[in-house]
file upload36.cif (mmCIF, C-alpha atoms and all ligand atoms)
data_coords
#
loop_
_atom_site.group_PDB
_atom_site.id
_atom_site.type_symbol
_atom_site.label_atom_id
_atom_site.label_comp_id
_atom_site.auth_asym_id
_atom_site.auth_seq_id
_atom_site.Cartn_x
_atom_site.Cartn_y
_atom_site.Cartn_z
ATOM 1 C CA MET A 121 20.011 -11.223 -4.764
ATOM 2 C CA LYS A 122 22.538 -12.423 -2.161
ATOM 3 C CA ILE A 123 20.895 -14.401 0.651
ATOM 4 C CA ILE A 124 22.369 -13.618 4.084
ATOM 5 C CA SER A 125 20.119 -15.955 6.086
ATOM 6 C CA ASP A 126 16.949 -17.959 5.497
ATOM 7 C CA GLU A 127 15.120 -19.637 8.367
ATOM 8 C CA LEU A 128 11.870 -21.472 8.962
ATOM 9 C CA VAL A 129 10.287 -20.430 12.261
ATOM 10 C CA PRO A 130 7.960 -23.045 13.840
ATOM 11 C CA ALA A 131 4.387 -22.091 14.748
ATOM 12 C CA ASN A 132 4.116 -20.082 17.988
ATOM 13 C CA SER A 133 7.816 -19.384 18.350
ATOM 14 C CA GLY A 134 10.110 -16.409 17.884
ATOM 15 C CA TRP A 135 13.016 -15.433 15.647
ATOM 16 C CA GLY A 136 15.512 -12.591 15.655
ATOM 17 C CA ALA A 137 18.563 -11.426 13.700
ATOM 18 C CA PRO A 138 20.789 -8.399 13.098
ATOM 19 C CA MET A 139 20.492 -6.540 9.788
ATOM 20 C CA GLN A 140 22.680 -3.953 8.085
ATOM 21 C CA LYS A 141 21.283 -0.810 6.486
ATOM 22 C CA GLY A 142 20.242 -1.550 2.896
ATOM 23 C CA GLN A 143 19.564 -5.243 3.484
ATOM 24 C CA VAL A 144 16.012 -6.527 2.992
ATOM 25 C CA LEU A 145 13.948 -8.737 5.296
ATOM 26 C CA ARG A 146 11.420 -10.966 3.551
ATOM 27 C CA LEU A 147 8.693 -12.355 5.832
ATOM 28 C CA THR A 148 6.637 -15.147 4.260
ATOM 29 C CA ALA A 149 3.529 -16.769 5.765
ATOM 30 C CA LYS A 150 -0.172 -17.385 5.481
ATOM 31 C CA THR A 151 -0.940 -16.489 9.111
ATOM 32 C CA ILE A 152 -0.115 -13.544 11.376
ATOM 33 C CA ILE A 153 3.477 -12.453 11.958
ATOM 34 C CA ASP A 154 4.032 -9.969 14.786
ATOM 35 C CA PHE A 155 7.071 -7.949 13.762
ATOM 36 C CA ALA A 156 9.230 -5.339 15.515
ATOM 37 C CA CYS A 157 12.698 -3.808 15.213
ATOM 38 C CA ILE A 158 15.176 -1.831 17.313
ATOM 39 C CA ASN A 159 18.287 0.182 16.495
ATOM 40 C CA LEU A 160 21.237 -2.241 16.525
ATOM 41 C CA HIS A 161 23.523 0.388 18.097
ATOM 42 C CA ASN A 162 21.011 1.917 20.525
ATOM 43 C CA ASN A 163 18.628 -0.730 21.823
ATOM 44 C CA ASP A 164 16.535 1.987 23.503
ATOM 45 C CA GLU A 165 15.428 3.230 20.067
ATOM 46 C CA ARG A 166 12.493 1.025 19.120
ATOM 47 C CA PHE A 167 9.775 0.705 16.493
ATOM 48 C CA ASP A 168 6.735 2.810 17.363
ATOM 49 C CA GLN A 169 3.198 2.093 16.125
ATOM 50 C CA ALA A 170 1.899 5.630 16.776
ATOM 51 C CA ARG A 171 4.777 7.456 15.057
ATOM 52 C CA THR A 172 4.429 5.109 12.099
ATOM 53 C CA LYS A 173 0.711 5.885 11.723
ATOM 54 C CA VAL A 174 1.241 9.639 11.968
ATOM 55 C CA TYR A 175 4.225 9.868 9.601
ATOM 56 C CA ASN A 176 2.329 7.854 6.999
ATOM 57 C CA MET A 177 -1.024 9.513 7.918
ATOM 58 C CA LYS A 178 -2.860 6.190 7.742
ATOM 59 C CA LEU A 179 -3.920 3.212 9.816
ATOM 60 C CA TRP A 180 -2.661 0.606 7.362
ATOM 61 C CA ILE A 181 0.733 0.634 5.675
ATOM 62 C CA THR A 182 1.882 -1.005 2.477
ATOM 63 C CA THR A 183 4.504 -0.668 -0.311
ATOM 64 C CA GLY A 184 6.370 2.643 -0.071
ATOM 65 C CA ASP A 185 5.389 3.294 3.541
ATOM 66 C CA VAL A 186 7.973 3.660 6.303
ATOM 67 C CA LEU A 187 8.277 2.193 9.799
ATOM 68 C CA TYR A 188 9.385 4.853 12.315
ATOM 69 C CA SER A 189 11.035 4.778 15.721
ATOM 70 C CA LYS A 190 9.945 6.626 18.854
ATOM 71 C CA LEU A 191 12.924 8.910 18.182
ATOM 72 C CA ASN A 192 11.358 9.925 14.843
ATOM 73 C CA ASN A 193 13.850 8.115 12.620
ATOM 74 C CA PRO A 194 12.956 5.948 9.598
ATOM 75 C CA MET A 195 13.747 2.319 10.450
ATOM 76 C CA MET A 196 12.439 0.318 7.485
ATOM 77 C CA THR A 197 10.608 0.842 4.185
ATOM 78 C CA ILE A 198 8.112 -1.664 2.803
ATOM 79 C CA THR A 199 9.385 -2.356 -0.711
ATOM 80 C CA GLU A 200 6.940 -5.120 -1.699
ATOM 81 C CA ASP A 201 3.603 -6.192 -0.221
ATOM 82 C CA GLN A 202 1.961 -9.268 -1.731
ATOM 83 C CA PHE A 203 -1.034 -8.890 0.631
ATOM 84 C CA ALA A 204 -2.047 -5.613 -1.069
ATOM 85 C CA GLY A 205 -5.504 -5.996 -2.574
ATOM 86 C CA MET A 206 -6.299 -8.946 -0.268
ATOM 87 C CA GLY A 207 -6.109 -7.305 3.148
ATOM 88 C CA TYR A 208 -4.268 -4.953 5.486
ATOM 89 C CA HIS A 209 -1.535 -5.312 8.091
ATOM 90 C CA ASP A 210 -2.657 -4.215 11.562
ATOM 91 C CA LEU A 211 -1.100 -1.316 13.486
ATOM 92 C CA GLN A 212 -3.650 -1.171 16.357
ATOM 93 C CA TYR A 213 -3.198 -4.322 18.389
ATOM 94 C CA GLY A 214 -0.387 -5.077 20.749
ATOM 95 C CA THR A 215 0.910 -8.626 20.964
ATOM 96 C CA CYS A 216 -1.119 -11.636 21.969
ATOM 97 C CA SER A 217 0.360 -13.400 25.004
ATOM 98 C CA GLY A 218 -0.160 -16.250 27.439
ATOM 99 C CA PRO A 219 -1.628 -13.891 30.087
ATOM 100 C CA ARG A 220 -3.910 -12.229 27.519
ATOM 101 C CA TYR A 221 -5.379 -15.553 26.399
ATOM 102 C CA ALA A 222 -5.784 -16.695 30.008
ATOM 103 C CA ARG A 223 -7.620 -13.490 30.925
ATOM 104 C CA ALA A 224 -9.867 -13.723 27.856
ATOM 105 C CA LYS A 225 -10.803 -17.255 28.913
ATOM 106 C CA GLU A 226 -11.479 -16.073 32.467
ATOM 107 C CA GLU A 227 -13.644 -13.233 31.169
ATOM 108 C CA GLY A 228 -15.536 -15.523 28.739
ATOM 109 C CA ARG A 229 -14.274 -13.442 25.789
ATOM 110 C CA LEU A 230 -12.312 -16.053 23.859
ATOM 111 C CA ASN A 231 -14.921 -15.941 21.097
ATOM 112 C CA GLN A 232 -13.693 -12.428 20.295
ATOM 113 C CA TYR A 233 -10.422 -14.034 19.232
ATOM 114 C CA HIS A 234 -11.525 -16.943 17.119
ATOM 115 C CA HIS A 235 -14.276 -18.948 15.554
ATOM 116 C CA GLY A 236 -15.311 -21.054 18.544
ATOM 117 C CA ASP A 237 -15.050 -21.374 22.317
ATOM 118 C CA ASP A 238 -13.818 -24.960 22.500
ATOM 119 C CA ILE A 239 -10.252 -24.383 21.292
ATOM 120 C CA PRO A 240 -7.259 -24.995 23.605
ATOM 121 C CA VAL A 241 -5.731 -21.740 24.846
ATOM 122 C CA PRO A 242 -2.030 -21.456 23.992
ATOM 123 C CA PRO A 243 0.259 -21.028 27.022
ATOM 124 C CA ARG A 244 2.219 -18.316 25.193
ATOM 125 C CA GLY A 245 1.883 -15.928 22.287
ATOM 126 C CA CYS A 246 3.633 -13.211 20.315
ATOM 127 C CA TRP A 247 4.812 -11.277 23.372
ATOM 128 C CA GLU A 248 6.789 -14.259 24.651
ATOM 129 C CA ASN A 249 7.961 -15.048 21.101
ATOM 130 C CA LEU A 250 9.271 -11.493 20.568
ATOM 131 C CA ILE A 251 11.026 -11.628 23.971
ATOM 132 C CA ASP A 252 12.786 -14.748 22.615
ATOM 133 C CA GLY A 253 13.467 -13.049 19.264
ATOM 134 C CA PHE A 254 15.173 -10.084 20.943
ATOM 135 C CA SER A 255 16.853 -12.209 23.654
ATOM 136 C CA GLN A 256 20.423 -11.649 22.426
ATOM 137 C CA TRP A 257 19.859 -7.874 22.820
ATOM 138 C CA ASN A 258 18.367 -8.219 26.324
ATOM 139 C CA VAL A 259 15.232 -6.189 25.638
ATOM 140 C CA PRO A 260 13.209 -6.289 28.887
ATOM 141 C CA PRO A 261 9.709 -7.772 28.503
ATOM 142 C CA GLU A 262 8.087 -4.426 29.325
ATOM 143 C CA TYR A 263 9.988 -2.739 26.482
ATOM 144 C CA ILE A 264 9.005 -5.103 23.680
ATOM 145 C CA PRO A 265 7.514 -2.698 21.097
ATOM 146 C CA SER A 266 3.899 -3.008 20.089
ATOM 147 C CA PRO A 267 4.368 -4.615 16.679
ATOM 148 C CA LEU A 268 3.370 -4.312 13.074
ATOM 149 C CA ASN A 269 1.001 -7.277 12.756
ATOM 150 C CA VAL A 270 1.733 -8.595 9.294
ATOM 151 C CA PHE A 271 -1.235 -10.362 7.618
ATOM 152 C CA GLN A 272 -3.506 -9.508 10.579
ATOM 153 C CA HIS A 273 -6.519 -8.080 8.778
ATOM 154 C CA VAL A 274 -8.916 -6.439 11.236
ATOM 155 C CA ASP A 275 -12.184 -4.588 10.685
ATOM 156 C CA ILE A 276 -12.358 -1.113 12.211
ATOM 157 C CA ASP A 277 -15.708 0.651 12.597
ATOM 158 C CA THR A 278 -14.694 4.273 12.062
ATOM 159 C CA THR A 279 -17.851 5.562 13.781
ATOM 160 C CA SER A 280 -17.792 3.527 17.008
ATOM 161 C CA GLY A 281 -14.063 2.743 16.999
ATOM 162 C CA GLU A 282 -14.789 -0.955 17.485
ATOM 163 C CA ILE A 283 -12.042 -3.301 16.254
ATOM 164 C CA LYS A 284 -12.848 -6.860 15.188
ATOM 165 C CA HIS A 285 -10.664 -9.831 14.376
ATOM 166 C CA THR A 286 -11.287 -11.402 10.978
ATOM 167 C CA PRO A 287 -10.166 -14.732 9.465
ATOM 168 C CA ASN A 288 -8.922 -12.930 6.317
ATOM 169 C CA ARG A 289 -5.440 -14.352 5.661
ATOM 170 C CA PRO A 290 -3.382 -15.238 2.568
ATOM 171 C CA LYS A 291 -4.634 -18.506 1.003
ATOM 172 C CA ASP A 292 -1.052 -19.593 0.337
ATOM 173 C CA PRO A 293 2.208 -18.274 1.820
ATOM 174 C CA ILE A 294 3.067 -14.833 0.446
ATOM 175 C CA TYR A 295 5.649 -12.270 1.477
ATOM 176 C CA VAL A 296 6.289 -8.700 2.505
ATOM 177 C CA ASP A 297 9.737 -7.121 1.978
ATOM 178 C CA PHE A 298 11.189 -4.546 4.389
ATOM 179 C CA ARG A 299 14.379 -2.610 3.557
ATOM 180 C CA ALA A 300 16.464 -1.579 6.563
ATOM 181 C CA GLU A 301 17.036 2.196 6.734
ATOM 182 C CA MET A 302 19.476 1.816 9.654
ATOM 183 C CA ASP A 303 21.398 -1.073 11.212
ATOM 184 C CA LEU A 304 18.770 -3.058 13.096
ATOM 185 C CA ALA A 305 17.916 -5.961 15.328
ATOM 186 C CA VAL A 306 14.693 -7.440 13.976
ATOM 187 C CA ALA A 307 12.353 -9.957 15.585
ATOM 188 C CA ALA A 308 9.297 -11.833 14.379
ATOM 189 C CA SER A 309 6.711 -14.085 16.006
ATOM 190 C CA ALA A 310 4.810 -16.894 14.303
ATOM 191 C CA CYS A 311 1.515 -15.981 15.984
ATOM 192 C CA PRO A 312 -0.714 -18.807 17.312
ATOM 193 C CA ASP A 313 -3.359 -16.866 15.334
ATOM 194 C CA LEU A 314 -6.566 -18.222 16.834
ATOM 195 C CA ALA A 315 -8.640 -16.265 14.307
ATOM 196 C CA ALA A 316 -7.068 -17.882 11.219
ATOM 197 C CA PRO A 317 -8.888 -20.735 9.463
ATOM 198 C CA GLU A 318 -5.941 -23.111 10.088
ATOM 199 C CA PHE A 319 -4.590 -21.411 13.238
ATOM 200 C CA GLY A 320 -0.905 -20.508 13.574
ATOM 201 C CA GLN A 321 1.541 -21.810 11.006
ATOM 202 C CA PRO A 322 5.325 -21.770 10.572
ATOM 203 C CA ILE A 323 6.719 -18.618 8.992
ATOM 204 C CA GLN A 324 9.830 -17.960 6.933
ATOM 205 C CA ALA A 325 12.306 -15.152 7.629
ATOM 206 C CA MET A 326 14.921 -14.371 4.980
ATOM 207 C CA ILE A 327 17.464 -11.550 4.918
ATOM 208 C CA TYR A 328 19.042 -10.662 1.595
ATOM 209 C CA GLU A 329 21.043 -8.008 -0.176
ATOM 210 C CA PRO A 330 19.210 -6.812 -3.269
HETATM 211 ZN ZN ZN B 401 -0.046 -13.237 18.193
#
call {"tool": "encode", "arguments": {"input": "upload36.cif", "output": "structure tokens"}}
result
Amino acid sequence: MKIISDELVPANSGWGAPMQKGQVLRLTAKTIIDFACINLHNNDERFDQARTKVYNMKLWITTGDVLYSKLNNPMMTITEDQFAGMGYHDLQYGTCSGPRYARAKEEGRLNQYHHGDDIPVPPRGCWENLIDGFSQWNVPPEYIPSPLNVFQHVDIDTTSGEIKHTPNRPKDPIYVDFRAEMDLAVAASACPDLAAPEFGQPIQAMIYEP
């Protein structure tokens, strides 16, 4: 394994980097990481939640599954998933954000996010962090892809369609590996993760050549 880069990303902040086809991104954490990617040579080609669900014919993806772009191209393959057997990565939610938290507070719905109503609302979230992560590629805020929410285990009632946050997270930091299937710009957010037992934590982002 040849390490290209290895960075610690503070809680509730963003990270981004270029990757070459064949390189592997290892994301390590015990709280939620919102993750997205775009084509390095065509920034209009972005990760797409819906295409990814349909090509894999499932709501949750794990080892062997592929992340797809809106233009129907494979972007990344999950080559190792240490969360398998403990929980699922979410492909339903968009990003959390400062405005989303503020509106939830206004609507008295903060308890849908976490285990209490008396917790300070973060001024920013994964949307702002992914804007920062993609900043060197000038992705406009409205074009930040809805992410793969790594380690965000949610309960889905398949009869009513109701989605619920859960506090199910890794007990200790574990990782998921993603192999690039094209040259990419990748970005990750260390989510403030109000639903996690210990709230948002730093995450680690490492790129290596296998
Ligand atoms: Zn978030």
call {"tool": "closest_atom_pairs", "arguments": {"input": "upload36.cif", "of": "chain A", "to": "ligand ZN 401 (chain B)", "cutoff": "9 Å", "atoms": "all atoms listed in the file", "output": "JSON lines"}}
result
{"residue": "A:Asn132", "atom": "CA", "partner": "B:ZN401", "partner_atom": "ZN", "distance": 8.0}
{"residue": "A:Ile152", "atom": "CA", "partner": "B:ZN401", "partner_atom": "ZN", "distance": 6.8}
{"residue": "A:Ile153", "atom": "CA", "partner": "B:ZN401", "partner_atom": "ZN", "distance": 7.2}
{"residue": "A:Asp154", "atom": "CA", "partner": "B:ZN401", "partner_atom": "ZN", "distance": 6.2}
{"residue": "A:Gly214", "atom": "CA", "partner": "B:ZN401", "partner_atom": "ZN", "distance": 8.6}
{"residue": "A:Thr215", "atom": "CA", "partner": "B:ZN401", "partner_atom": "ZN", "distance": 5.5}
{"residue": "A:Cys216", "atom": "CA", "partner": "B:ZN401", "partner_atom": "ZN", "distance": 4.2}
{"residue": "A:Ser217", "atom": "CA", "partner": "B:ZN401", "partner_atom": "ZN", "distance": 6.8}
{"residue": "A:Arg244", "atom": "CA", "partner": "B:ZN401", "partner_atom": "ZN", "distance": 8.9}
{"residue": "A:Gly245", "atom": "CA", "partner": "B:ZN401", "partner_atom": "ZN", "distance": 5.3}
{"residue": "A:Cys246", "atom": "CA", "partner": "B:ZN401", "partner_atom": "ZN", "distance": 4.2}
{"residue": "A:Trp247", "atom": "CA", "partner": "B:ZN401", "partner_atom": "ZN", "distance": 7.4}
{"residue": "A:Asn249", "atom": "CA", "partner": "B:ZN401", "partner_atom": "ZN", "distance": 8.7}
{"residue": "A:Asn269", "atom": "CA", "partner": "B:ZN401", "partner_atom": "ZN", "distance": 8.1}
{"residue": "A:Ser309", "atom": "CA", "partner": "B:ZN401", "partner_atom": "ZN", "distance": 7.2}
{"residue": "A:Ala310", "atom": "CA", "partner": "B:ZN401", "partner_atom": "ZN", "distance": 7.2}
{"residue": "A:Cys311", "atom": "CA", "partner": "B:ZN401", "partner_atom": "ZN", "distance": 3.9}
{"residue": "A:Pro312", "atom": "CA", "partner": "B:ZN401", "partner_atom": "ZN", "distance": 5.7}
{"residue": "A:Asp313", "atom": "CA", "partner": "B:ZN401", "partner_atom": "ZN", "distance": 5.7}
{"residue": "A:Leu314", "atom": "CA", "partner": "B:ZN401", "partner_atom": "ZN", "distance": 8.3}
{"residue": "A:Gly320", "atom": "CA", "partner": "B:ZN401", "partner_atom": "ZN", "distance": 8.7}
call {"tool": "closest_residue", "arguments": {"input": "upload36.cif", "among": "A:Gln212, A:Gln321, A:Ser133, A:Asn288", "to": "Ala170 in chain A", "atoms": "all atoms listed in the file"}}
result
A:Gln212
call {"tool": "residues_near_point", "arguments": {"input": "upload36.cif", "point": "(-13.2, -3.9, 15.2)", "cutoff": "12 Å", "atoms": "all atoms listed in the file", "output": "PDB file with C-alpha atoms, keeping the file's coordinate frame"}}
result
ATOM      1  CA  ASP A 210      -2.657  -4.215  11.562  1.00  0.00           C
ATOM      2  CA  GLN A 212      -3.650  -1.171  16.357  1.00  0.00           C
ATOM      3  CA  TYR A 213      -3.198  -4.322  18.389  1.00  0.00           C
ATOM      4  CA  GLN A 232     -13.693 -12.428  20.295  1.00  0.00           C
ATOM      5  CA  TYR A 233     -10.422 -14.034  19.232  1.00  0.00           C
ATOM      6  CA  HIS A 273      -6.519  -8.080   8.778  1.00  0.00           C
ATOM      7  CA  VAL A 274      -8.916  -6.439  11.236  1.00  0.00           C
ATOM      8  CA  ASP A 275     -12.184  -4.588  10.685  1.00  0.00           C
ATOM      9  CA  ILE A 276     -12.358  -1.113  12.211  1.00  0.00           C
ATOM     10  CA  ASP A 277     -15.708   0.651  12.597  1.00  0.00           C
ATOM     11  CA  THR A 278     -14.694   4.273  12.062  1.00  0.00           C
ATOM     12  CA  THR A 279     -17.851   5.562  13.781  1.00  0.00           C
ATOM     13  CA  SER A 280     -17.792   3.527  17.008  1.00  0.00           C
ATOM     14  CA  GLY A 281     -14.063   2.743  16.999  1.00  0.00           C
ATOM     15  CA  GLU A 282     -14.789  -0.955  17.485  1.00  0.00           C
ATOM     16  CA  ILE A 283     -12.042  -3.301  16.254  1.00  0.00           C
ATOM     17  CA  LYS A 284     -12.848  -6.860  15.188  1.00  0.00           C
ATOM     18  CA  HIS A 285     -10.664  -9.831  14.376  1.00  0.00           C
ATOM     19  CA  THR A 286     -11.287 -11.402  10.978  1.00  0.00           C
TER      20      THR A 286
END
call {"tool": "closest_residue", "arguments": {"input": "upload36.cif", "among": "A:Lys150, A:Arg166, A:Lys141, A:Arg171", "to": "Gln272 in chain A", "atoms": "all atoms listed in the file"}}
result
A:Lys150
call {"tool": "closest_residue", "arguments": {"input": "upload36.cif", "among": "A:Gly205, A:Gly136, A:Asp237, A:Asp303", "to": "Leu250 in chain A", "atoms": "all atoms listed in the file"}}
result
A:Gly136
call {"tool": "resolve_selection", "arguments": {"input": "upload36.cif", "expression": "the PyMOL selection byres (((chain A and resi 266) around 8) and not hetatm)", "output": "PyMOL selection string"}}
result
chain A and resi 156+167-169+213-215+264-265+267-268
call {"tool": "decode", "arguments": {"input": "upload36.cif", "residues": "range 165-182 of chain A", "atoms": "N, CA and C atoms", "output": "PDB file, in the first residue's frame"}}
result
ATOM      1  N   GLU A 165     -20.522  16.244 -13.993  1.00  0.00           N
ATOM      2  CA  GLU A 165     -20.903  14.842 -13.759  1.00  0.00           C
ATOM      3  C   GLU A 165     -20.706  14.536 -12.282  1.00  0.00           C
ATOM      4  N   ARG A 166     -21.822  14.281 -11.590  1.00  0.00           N
ATOM      5  CA  ARG A 166     -21.767  14.162 -10.131  1.00  0.00           C
ATOM      6  C   ARG A 166     -22.387  12.854  -9.666  1.00  0.00           C
ATOM      7  N   PHE A 167     -21.997  12.459  -8.448  1.00  0.00           N
ATOM      8  CA  PHE A 167     -22.598  11.298  -7.786  1.00  0.00           C
ATOM      9  C   PHE A 167     -24.108  11.485  -7.711  1.00  0.00           C
ATOM     10  N   ASP A 168     -24.843  10.381  -7.888  1.00  0.00           N
ATOM     11  CA  ASP A 168     -26.299  10.447  -7.874  1.00  0.00           C
ATOM     12  C   ASP A 168     -26.875   9.324  -6.994  1.00  0.00           C
ATOM     13  N   GLN A 169     -27.587   9.738  -5.950  1.00  0.00           N
ATOM     14  CA  GLN A 169     -28.186   8.759  -5.020  1.00  0.00           C
ATOM     15  C   GLN A 169     -29.143   7.822  -5.741  1.00  0.00           C
ATOM     16  N   ALA A 170     -30.036   8.387  -6.578  1.00  0.00           N
ATOM     17  CA  ALA A 170     -31.093   7.575  -7.203  1.00  0.00           C
ATOM     18  C   ALA A 170     -30.502   6.555  -8.167  1.00  0.00           C
ATOM     19  N   ARG A 171     -29.583   6.995  -9.042  1.00  0.00           N
ATOM     20  CA  ARG A 171     -28.947   6.049  -9.967  1.00  0.00           C
ATOM     21  C   ARG A 171     -28.256   4.932  -9.188  1.00  0.00           C
ATOM     22  N   THR A 172     -27.599   5.303  -8.101  1.00  0.00           N
ATOM     23  CA  THR A 172     -26.866   4.309  -7.317  1.00  0.00           C
ATOM     24  C   THR A 172     -27.815   3.259  -6.740  1.00  0.00           C
ATOM     25  N   LYS A 173     -28.981   3.695  -6.255  1.00  0.00           N
ATOM     26  CA  LYS A 173     -29.948   2.729  -5.713  1.00  0.00           C
ATOM     27  C   LYS A 173     -30.474   1.806  -6.804  1.00  0.00           C
ATOM     28  N   VAL A 174     -30.758   2.375  -7.973  1.00  0.00           N
ATOM     29  CA  VAL A 174     -31.358   1.560  -9.042  1.00  0.00           C
ATOM     30  C   VAL A 174     -30.333   0.590  -9.645  1.00  0.00           C
ATOM     31  N   TYR A 175     -29.111   1.054  -9.887  1.00  0.00           N
ATOM     32  CA  TYR A 175     -28.120   0.137 -10.472  1.00  0.00           C
ATOM     33  C   TYR A 175     -27.790  -1.015  -9.524  1.00  0.00           C
ATOM     34  N   ASN A 176     -27.830  -0.740  -8.226  1.00  0.00           N
ATOM     35  CA  ASN A 176     -27.548  -1.814  -7.264  1.00  0.00           C
ATOM     36  C   ASN A 176     -28.829  -2.521  -6.820  1.00  0.00           C
ATOM     37  N   MET A 177     -30.004  -1.975  -7.182  1.00  0.00           N
ATOM     38  CA  MET A 177     -31.310  -2.519  -6.829  1.00  0.00           C
ATOM     39  C   MET A 177     -31.449  -2.737  -5.321  1.00  0.00           C
ATOM     40  N   LYS A 178     -31.024  -1.719  -4.549  1.00  0.00           N
ATOM     41  CA  LYS A 178     -31.143  -1.793  -3.101  1.00  0.00           C
ATOM     42  C   LYS A 178     -31.058  -0.402  -2.492  1.00  0.00           C
ATOM     43  N   LEU A 179     -31.532  -0.307  -1.259  1.00  0.00           N
ATOM     44  CA  LEU A 179     -31.503   0.969  -0.544  1.00  0.00           C
ATOM     45  C   LEU A 179     -30.195   1.172   0.202  1.00  0.00           C
ATOM     46  N   TRP A 180     -29.514   0.083   0.524  1.00  0.00           N
ATOM     47  CA  TRP A 180     -28.271   0.180   1.283  1.00  0.00           C
ATOM     48  C   TRP A 180     -27.172  -0.499   0.493  1.00  0.00           C
ATOM     49  N   ILE A 181     -26.008   0.128   0.409  1.00  0.00           N
ATOM     50  CA  ILE A 181     -24.917  -0.460  -0.360  1.00  0.00           C
ATOM     51  C   ILE A 181     -23.749  -0.807   0.547  1.00  0.00           C
ATOM     52  N   THR A 182     -23.010  -1.818   0.119  1.00  0.00           N
ATOM     53  CA  THR A 182     -21.892  -2.322   0.914  1.00  0.00           C
ATOM     54  C   THR A 182     -20.836  -2.900  -0.034  1.00  0.00           C
TER      55      THR A 182
END
